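Trainee: Here you go, this is my_file.cif (mmCIF, C-alpha atoms, pLDDT in the B column; chains and numbers go by the auth columns).
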```
data_my_file
#
loop_
_atom_site.group_PDB
_atom_site.id
_atom_site.type_symbol
_atom_site.label_atom_id
_atom_site.label_comp_id
_atom_site.label_asym_id
_atom_site.label_seq_id
_atom_site.Cartn_x
_atom_site.Cartn_y
_atom_site.Cartn_z
_atom_site.B_iso_or_equiv
_atom_site.auth_seq_id
_atom_site.auth_asym_id
ATOM 1 C CA MET A 1 113.201 21.894 54.485 89.00 52 A
ATOM 2 C CA ALA A 2 109.523 22.784 54.397 91.00 53 A
ATOM 3 C CA ALA A 3 106.372 21.084 53.134 90.00 54 A
ATOM 4 C CA ARG A 4 102.768 22.354 53.176 88.00 55 A
ATOM 5 C CA PHE A 5 99.560 20.453 53.791 86.00 56 A
ATOM 6 C CA SER A 6 97.057 21.724 51.230 80.00 57 A
ATOM 7 C CA SER A 7 93.924 20.245 49.676 85.00 58 A
ATOM 8 C CA GLY A 8 94.308 17.052 51.705 91.00 59 A
ATOM 9 C CA ALA A 9 97.908 16.270 50.711 93.00 60 A
ATOM 10 C CA TRP A 10 101.470 17.254 51.556 92.00 61 A
ATOM 11 C CA THR A 11 103.570 19.105 48.989 89.00 62 A
ATOM 12 C CA ALA A 12 107.055 17.842 48.209 91.00 63 A
ATOM 13 C CA PRO A 13 109.634 19.213 50.680 93.00 64 A
ATOM 14 C CA VAL A 14 111.618 22.207 49.455 92.00 65 A
ATOM 15 C CA ALA A 15 114.883 23.597 50.790 92.00 66 A
ATOM 16 C CA LEU A 16 114.530 27.008 52.446 93.00 67 A
ATOM 17 C CA GLU A 17 118.274 27.668 52.245 92.00 68 A
ATOM 18 C CA ASN A 18 121.393 26.271 50.608 90.00 69 A
ATOM 19 C CA ASN A 19 123.957 27.032 53.329 89.00 70 A
ATOM 20 C CA THR A 20 126.127 23.981 54.061 90.00 71 A
ATOM 21 C CA GLN A 21 126.113 24.676 57.821 91.00 72 A
ATOM 22 C CA GLN A 22 123.720 22.779 60.113 90.00 73 A
ATOM 23 C CA ALA A 23 120.447 24.600 60.827 90.00 74 A
ATOM 24 C CA ALA A 24 118.938 24.429 64.335 90.00 75 A
ATOM 25 C CA PHE A 25 115.979 25.662 66.411 90.00 76 A
ATOM 26 C CA PRO A 26 113.381 25.888 63.598 94.00 77 A
ATOM 27 C CA ALA A 27 109.982 27.477 64.182 95.00 78 A
ATOM 28 C CA VAL A 28 107.154 28.470 61.855 96.00 79 A
ATOM 29 C CA ALA A 29 103.969 30.541 61.938 95.00 80 A
ATOM 30 C CA ILE A 30 101.118 30.900 59.461 94.00 81 A
ATOM 31 C CA ASP A 31 98.548 33.658 58.928 94.00 82 A
ATOM 32 C CA VAL A 32 94.861 33.363 58.015 94.00 83 A
ATOM 33 C CA ASN A 33 95.699 33.660 54.287 93.00 84 A
ATOM 34 C CA GLY A 34 98.197 30.774 54.301 92.00 85 A
ATOM 35 C CA ASN A 35 101.355 32.910 54.224 94.00 86 A
ATOM 36 C CA ALA A 36 104.043 31.510 56.499 94.00 87 A
ATOM 37 C CA GLN A 37 107.231 32.705 58.160 95.00 88 A
ATOM 38 C CA ALA A 38 109.977 30.255 59.165 96.00 89 A
ATOM 39 C CA VAL A 39 112.930 31.023 61.459 95.00 90 A
ATOM 40 C CA TRP A 40 116.054 29.094 62.391 94.00 91 A
ATOM 41 C CA ALA A 41 119.624 29.504 63.717 93.00 92 A
ATOM 42 C CA GLN A 42 122.630 28.713 61.536 92.00 93 A
ATOM 43 C CA LYS A 43 126.272 29.687 61.109 91.00 94 A
ATOM 44 C CA ILE A 44 126.850 32.046 58.189 89.00 95 A
ATOM 45 C CA ASP A 45 129.785 29.927 57.028 87.00 96 A
ATOM 46 C CA ALA A 46 132.304 27.379 58.328 87.00 97 A
ATOM 47 C CA MET A 47 134.483 30.166 59.784 87.00 98 A
ATOM 48 C CA ALA A 48 131.690 31.603 61.977 87.00 99 A
ATOM 49 C CA ALA A 49 131.985 30.920 65.703 86.00 100 A
ATOM 50 C CA ASN A 50 128.264 31.357 66.447 90.00 101 A
ATOM 51 C CA ASN A 51 124.828 30.748 64.975 91.00 102 A
ATOM 52 C CA SER A 52 123.055 33.733 63.426 91.00 103 A
ATOM 53 C CA GLY A 53 119.293 34.104 62.955 92.00 104 A
ATOM 54 C CA TYR A 54 117.609 33.490 59.599 93.00 105 A
ATOM 55 C CA THR A 55 114.056 33.699 58.299 93.00 106 A
ATOM 56 C CA ALA A 56 112.201 32.930 55.074 94.00 107 A
ATOM 57 C CA ARG A 57 108.623 33.771 54.049 94.00 108 A
ATOM 58 C CA LEU A 58 106.112 31.683 52.102 94.00 109 A
ATOM 59 C CA ASP A 59 103.861 33.648 49.740 93.00 110 A
ATOM 60 C CA ALA A 60 100.609 31.654 49.734 92.00 111 A
ATOM 61 C CA SER A 61 99.406 33.211 46.468 93.00 112 A
ATOM 62 C CA THR A 62 102.408 31.835 44.539 93.00 113 A
ATOM 63 C CA GLY A 63 103.230 28.868 46.797 90.00 114 A
ATOM 64 C CA THR A 64 106.901 29.860 46.836 92.00 115 A
ATOM 65 C CA TRP A 65 109.371 30.633 49.605 94.00 116 A
ATOM 66 C CA GLY A 66 111.415 33.823 49.448 93.00 117 A
ATOM 67 C CA ALA A 67 115.167 33.862 49.831 93.00 118 A
ATOM 68 C CA PRO A 68 116.462 33.500 53.401 93.00 119 A
ATOM 69 C CA GLN A 69 117.057 36.770 55.228 91.00 120 A
ATOM 70 C CA LEU A 70 119.478 37.337 58.059 90.00 121 A
ATOM 71 C CA PHE A 71 117.626 38.930 60.990 88.00 122 A
ATOM 72 C CA GLU A 72 120.581 38.739 63.420 87.00 123 A
ATOM 73 C CA GLN A 73 124.242 38.360 62.475 83.00 124 A
ATOM 74 C CA ALA A 74 125.581 37.046 65.737 76.00 125 A
ATOM 75 C CA VAL A 75 128.644 38.037 67.658 78.00 126 A
ATOM 76 C CA GLU A 76 127.106 35.827 70.378 81.00 127 A
ATOM 77 C CA ASP A 77 125.156 32.599 69.701 85.00 128 A
ATOM 78 C CA VAL A 78 121.496 32.879 68.542 87.00 129 A
ATOM 79 C CA SER A 79 119.144 30.096 69.706 86.00 130 A
ATOM 80 C CA THR A 80 115.498 29.150 70.257 87.00 131 A
ATOM 81 C CA SER A 81 114.029 31.477 67.646 91.00 132 A
ATOM 82 C CA GLN A 82 110.240 31.873 67.809 94.00 133 A
ATOM 83 C CA VAL A 83 107.857 33.493 65.323 95.00 134 A
ATOM 84 C CA GLY A 84 104.216 34.555 65.364 94.00 135 A
ATOM 85 C CA MET A 85 102.019 36.115 62.650 94.00 136 A
ATOM 86 C CA GLU A 86 98.838 38.127 62.648 92.00 137 A
ATOM 87 C CA ASP A 87 96.123 38.143 59.976 91.00 138 A
ATOM 88 C CA SER A 88 97.643 40.855 57.741 89.00 139 A
ATOM 89 C CA GLY A 89 100.915 38.910 57.467 90.00 140 A
ATOM 90 C CA ARG A 90 103.012 40.913 59.908 91.00 141 A
ATOM 91 C CA ALA A 91 105.397 38.755 61.913 92.00 142 A
ATOM 92 C CA LEU A 92 107.143 39.077 65.258 92.00 143 A
ATOM 93 C CA ILE A 93 110.409 37.182 65.635 92.00 144 A
ATOM 94 C CA ALA A 94 112.035 36.662 69.042 91.00 145 A
ATOM 95 C CA TRP A 95 115.218 34.813 69.990 90.00 146 A
ATOM 96 C CA ASN A 96 117.655 34.084 72.810 87.00 147 A
ATOM 97 C CA GLN A 97 121.218 35.248 72.480 84.00 148 A
ATOM 98 C CA ALA A 98 124.140 34.019 74.575 77.00 149 A
ATOM 99 C CA VAL A 99 126.242 36.458 76.581 72.00 150 A
ATOM 100 C CA SER A 100 129.884 35.944 77.496 70.00 151 A
ATOM 101 C CA GLY A 101 130.777 35.877 81.170 67.00 152 A
ATOM 102 C CA GLY A 102 127.662 34.244 82.572 61.00 153 A
ATOM 103 C CA ALA A 103 125.390 37.319 82.569 63.00 154 A
ATOM 104 C CA THR A 104 121.653 36.858 82.027 61.00 155 A
ATOM 105 C CA PRO A 105 121.219 36.406 78.275 64.00 156 A
ATOM 106 C CA PRO A 106 119.004 38.873 76.476 79.00 157 A
ATOM 107 C CA ILE A 107 115.858 38.109 74.522 84.00 158 A
ATOM 108 C CA HIS A 108 115.537 40.138 71.314 85.00 159 A
ATOM 109 C CA ALA A 109 112.418 40.763 69.227 87.00 160 A
ATOM 110 C CA VAL A 110 111.837 42.406 65.822 88.00 161 A
ATOM 111 C CA HIS A 111 108.739 43.092 63.746 86.00 162 A
ATOM 112 C CA SER A 112 108.567 42.273 60.061 84.00 163 A
ATOM 113 C CA THR A 113 106.013 43.306 57.443 84.00 164 A
ATOM 114 C CA PRO A 114 105.483 41.664 54.042 84.00 165 A
ATOM 115 C CA ALA A 115 106.233 44.919 52.184 82.00 166 A
ATOM 116 C CA GLY A 116 108.729 46.626 54.492 80.00 167 A
ATOM 117 C CA GLY A 117 110.881 43.858 55.920 80.00 168 A
ATOM 118 C CA PHE A 118 112.405 44.095 59.414 78.00 169 A
ATOM 119 C CA GLU A 119 112.621 47.040 61.751 79.00 170 A
ATOM 120 C CA THR A 120 116.243 48.049 62.142 72.00 171 A
ATOM 121 C CA THR A 121 116.608 47.903 65.925 80.00 172 A
ATOM 122 C CA PRO A 122 115.408 44.942 68.006 84.00 173 A
ATOM 123 C CA THR A 123 113.653 45.366 71.339 82.00 174 A
ATOM 124 C CA ASN A 124 115.650 43.727 74.151 81.00 175 A
ATOM 125 C CA PHE A 125 114.538 41.960 77.352 77.00 176 A
ATOM 126 C CA ALA A 126 116.406 40.218 80.138 72.00 177 A
ATOM 127 C CA GLY A 127 115.620 36.529 80.259 74.00 178 A
ATOM 128 C CA ASN A 128 116.500 32.983 79.408 73.00 179 A
ATOM 129 C CA GLY A 129 114.189 30.862 77.336 77.00 180 A
ATOM 130 C CA LEU A 130 111.112 32.358 75.757 84.00 181 A
ATOM 131 C CA ALA A 131 107.528 31.781 74.753 85.00 182 A
ATOM 132 C CA LEU A 132 105.759 33.849 72.107 89.00 183 A
ATOM 133 C CA ALA A 133 102.085 34.135 71.190 88.00 184 A
ATOM 134 C CA VAL A 134 100.583 36.493 68.593 90.00 185 A
ATOM 135 C CA ASN A 135 96.838 36.917 68.052 89.00 186 A
ATOM 136 C CA ALA A 136 94.984 37.648 64.807 89.00 187 A
ATOM 137 C CA GLY A 137 94.996 41.410 65.495 88.00 188 A
ATOM 138 C CA GLY A 138 98.744 41.602 66.088 86.00 189 A
ATOM 139 C CA THR A 139 98.934 41.842 69.870 86.00 190 A
ATOM 140 C CA ALA A 140 101.794 39.672 71.080 85.00 191 A
ATOM 141 C CA LEU A 141 102.860 38.307 74.432 84.00 192 A
ATOM 142 C CA LEU A 142 106.528 37.487 74.919 81.00 193 A
ATOM 143 C CA ALA A 143 107.446 35.734 78.173 80.00 194 A
ATOM 144 C CA SER A 144 110.841 34.661 79.494 78.00 195 A
ATOM 145 C CA ASP A 145 112.161 33.335 82.774 72.00 196 A
ATOM 146 C CA VAL A 146 114.711 35.162 84.882 64.00 197 A
ATOM 147 C CA THR A 147 116.564 33.080 87.461 60.00 198 A
ATOM 148 C CA SER A 148 117.371 34.776 90.753 55.00 199 A
ATOM 149 C CA ALA A 149 119.288 33.736 93.839 52.00 200 A
ATOM 150 C CA GLU A 150 118.567 35.178 97.275 51.00 201 A
ATOM 151 C CA GLY A 151 120.579 33.435 99.987 47.00 202 A
ATOM 152 C CA THR A 152 119.829 29.745 99.577 47.00 203 A
ATOM 153 C CA PHE A 153 116.555 30.291 97.647 45.00 204 A
ATOM 154 C CA PHE A 154 116.590 29.847 93.896 50.00 205 A
ATOM 155 C CA GLY A 155 113.533 30.839 91.922 51.00 206 A
ATOM 156 C CA ILE A 156 112.299 31.696 88.487 53.00 207 A
ATOM 157 C CA SER A 157 110.434 34.893 87.780 53.00 208 A
ATOM 158 C CA ILE A 158 108.350 35.112 84.608 55.00 209 A
ATOM 159 C CA ARG A 159 108.624 38.434 82.817 55.00 210 A
ATOM 160 C CA ALA A 160 106.232 39.303 80.054 54.00 211 A
ATOM 161 C CA ALA A 161 105.944 42.135 77.555 55.00 212 A
ATOM 162 C CA MET A 162 103.102 43.049 75.226 57.00 213 A
ATOM 163 C CA PHE A 163 103.505 44.331 71.673 61.00 214 A
ATOM 164 C CA ARG A 164 100.598 46.082 70.012 60.00 215 A
ATOM 165 C CA PRO A 165 100.070 46.965 66.366 55.00 216 A
#
```
Would you write the structure of this file as structure tokens?
Mentor:
Amino acid sequence: MAARFSSGAWTAPVALENNTQQAAFPAVAIDVNGNAQAVWAQKIDAMAANNSGYTARLDASTGTWGAPQLFEQAVEDVSTSQVGMEDSGRALIAWNQAVSGGATPPIHAVHSTPAGGFETTPTNFAGNGLALAVNAGGTALLASDVTSAEGTFFGISIRAAMFRP
């Protein structure tokens, strides 16, 4: 569900999707023009073993949300989706994805443009957990922690990557 605060009042909540499966890990970003991008994790249907990644876009000029789009159909579980937008409406979406066997889970990231949609191949990073920030010009910082063990010392190393327009 989504509602906007505009002209001093909240709009009535609207459903962003009509899937009967529980949605989780929502996040939203907004650009300078009032366009918004929402992301969340959800099973495609009751038979799916894992959550996939979905997104929907608000067009500020019409005040309507577009149909949900699948940005990652998961073989492994999608979680903690994050989204950031820059002033022209481009979005960067990043998410964690589980890995079988206890390996370090990857972080994936894809760009999206209002006219062109998503790039076809995500960029991948090692990490667990993530933080995403995007500035008005489109430069993004994506940070994740990587746990390491050396003898009896356990530590967390922060890895960061920059995206530029």
Trainee: If I take atom CA of Thr164 of chain A and atom CA of Val90 of chain A, how far is one from the other in Å, to one decimal?
Mentor: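 Result for atom CA of Thr164 of chain A versus atom CA of Val90 of chain A: 14.7 Å, one decimal.
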Trainee: Residues at most 9 Å from His162 of chain A, counting only C-alpha atoms, excluding those fewer than 3 positions away in the same chain, as an MDAnalysis selection string?
Mentor: chainID A and resid 141:145 168:170 173
Trainee: Given only C-alpha atoms, how would the per-residue table for segment 130-153 of chain A near segment 176-181 of chain A read, listing every residue at most 10 Å away with its closest atom pair and distance in Å to one decimal, sorted by chain and number, as CSV?
Mentor:
```
residue,atom,partner,partner_atom,distance
A:Ser130,CA,A:Gly180,CA,9.1
A:Thr131,CA,A:Gly180,CA,7.4
A:Ser132,CA,A:Leu181,CA,8.7
A:Gln133,CA,A:Leu181,CA,8.0
A:Ala145,CA,A:Leu181,CA,8.0
A:Trp146,CA,A:Leu181,CA,7.5
A:Asn147,CA,A:Gly180,CA,6.5
A:Gln148,CA,A:Asn179,CA,8.7
A:Ala149,CA,A:Asn179,CA,9.1
```
Trainee: Out of A:Gln72, A:Gln124, A:Asn186, A:Thr115, which residue has the shortest atom-to-atom distance to Ser103 of chain A when counting only C-alpha atoms?
Mentor: A:Gln124
Trainee: Suppose you want the space between atom CA of Gly85 of chain A and atom CA of Asn69 of chain A; what is it in Å?
Mentor: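 Distance reported for this atom pair: 23.9 Å.
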Trainee: Using the chain letters and numbers from this file, what does the PyMOL selection byres ((chain A and resi 83) around 12) select? Give the answer as a PyMOL selection string.
Mentor: chain A and resi 80-82+84-87+111+135-141+186-188
Trainee: Which residue gives the smallest distance to Thr171 of chain A among A:Ala100, A:Leu121, A:Leu67, A:Lys94, with all atoms listed in the file counted?
Mentor: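 Checking each of A:Ala100, A:Leu121, A:Leu67, A:Lys94 against Thr171 of chain A, counting all atoms listed in the file, the winner is A:Leu121.
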Trainee: Using the chain letters and numbers from this file, what does the PyMOL selection byres ((chain A and resi 66) around 10) select? Give the answer as a ChimeraX atom specification.
Mentor: /A:52-54,64-65,67-69,116
Trainee: Counting only C-alpha atoms, figure out which residue out of A:Gly114, A:Ala107, A:Ala89, A:Ala160 gets nearest to Thr172 of chain A.
Mentor: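 Of A:Gly114, A:Ala107, A:Ala89, A:Ala160, the one nearest Thr172 of chain A, counting only C-alpha atoms, is A:Ala160.
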Trainee: Would you please work out which residue, of A:Met98, A:Ala60, A:Val134, A:Val150, is nearest to Ser163 of chain A when using all atoms listed in the file?
Mentor: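 Closest to Ser163 of chain A, using all atoms listed in the file: A:Val134.
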Trainee: Suppose you want the space between atom CA of Pro165 of chain A and atom CA of Arg108 of chain A; what is it in Å?
Mentor: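 Rounded to one decimal, the two atoms are 8.5 Å apart.
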Trainee: Once you add 6 Å to each side, what are the centre and edge lengths of the axis-aligned box holding all listed atoms of segment 122-125 of chain A? One decimal in Å, as AutoDock Vina command-line options, if you can.
Mentor:
```
--center_x 121.6 --center_y 38.0 --center_z 63.4 --size_x 20.0 --size_y 13.9 --size_z 16.7
```
Trainee: Would you mind listing what lies within 9 Å of Asn175 of chain A as a PDB file with C-alpha atoms, in the coordinates of the input, with all atoms listed in the file counted and same-chain residues fewer than 4 positions away left out?
Mentor:
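Once everything was written out, this is part.pdb:
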```pdb
ATOM      1  CA  PRO A 157     119.004  38.873  76.476  1.00 79.00           C
ATOM      2  CA  ILE A 158     115.858  38.109  74.522  1.00 84.00           C
ATOM      3  CA  HIS A 159     115.537  40.138  71.314  1.00 85.00           C
ATOM      4  CA  ALA A 160     112.418  40.763  69.227  1.00 87.00           C
TER       5      ALA A 160
END
```
Trainee: Given the choices A:Pro77, A:Val126, A:Thr174, A:Ala182, which gets closest to Tyr105 of chain A if the distance is worked out from all atoms listed in the file?
Mentor: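 The shortest atom-to-atom distance to Tyr105 of chain A comes from A:Pro77.
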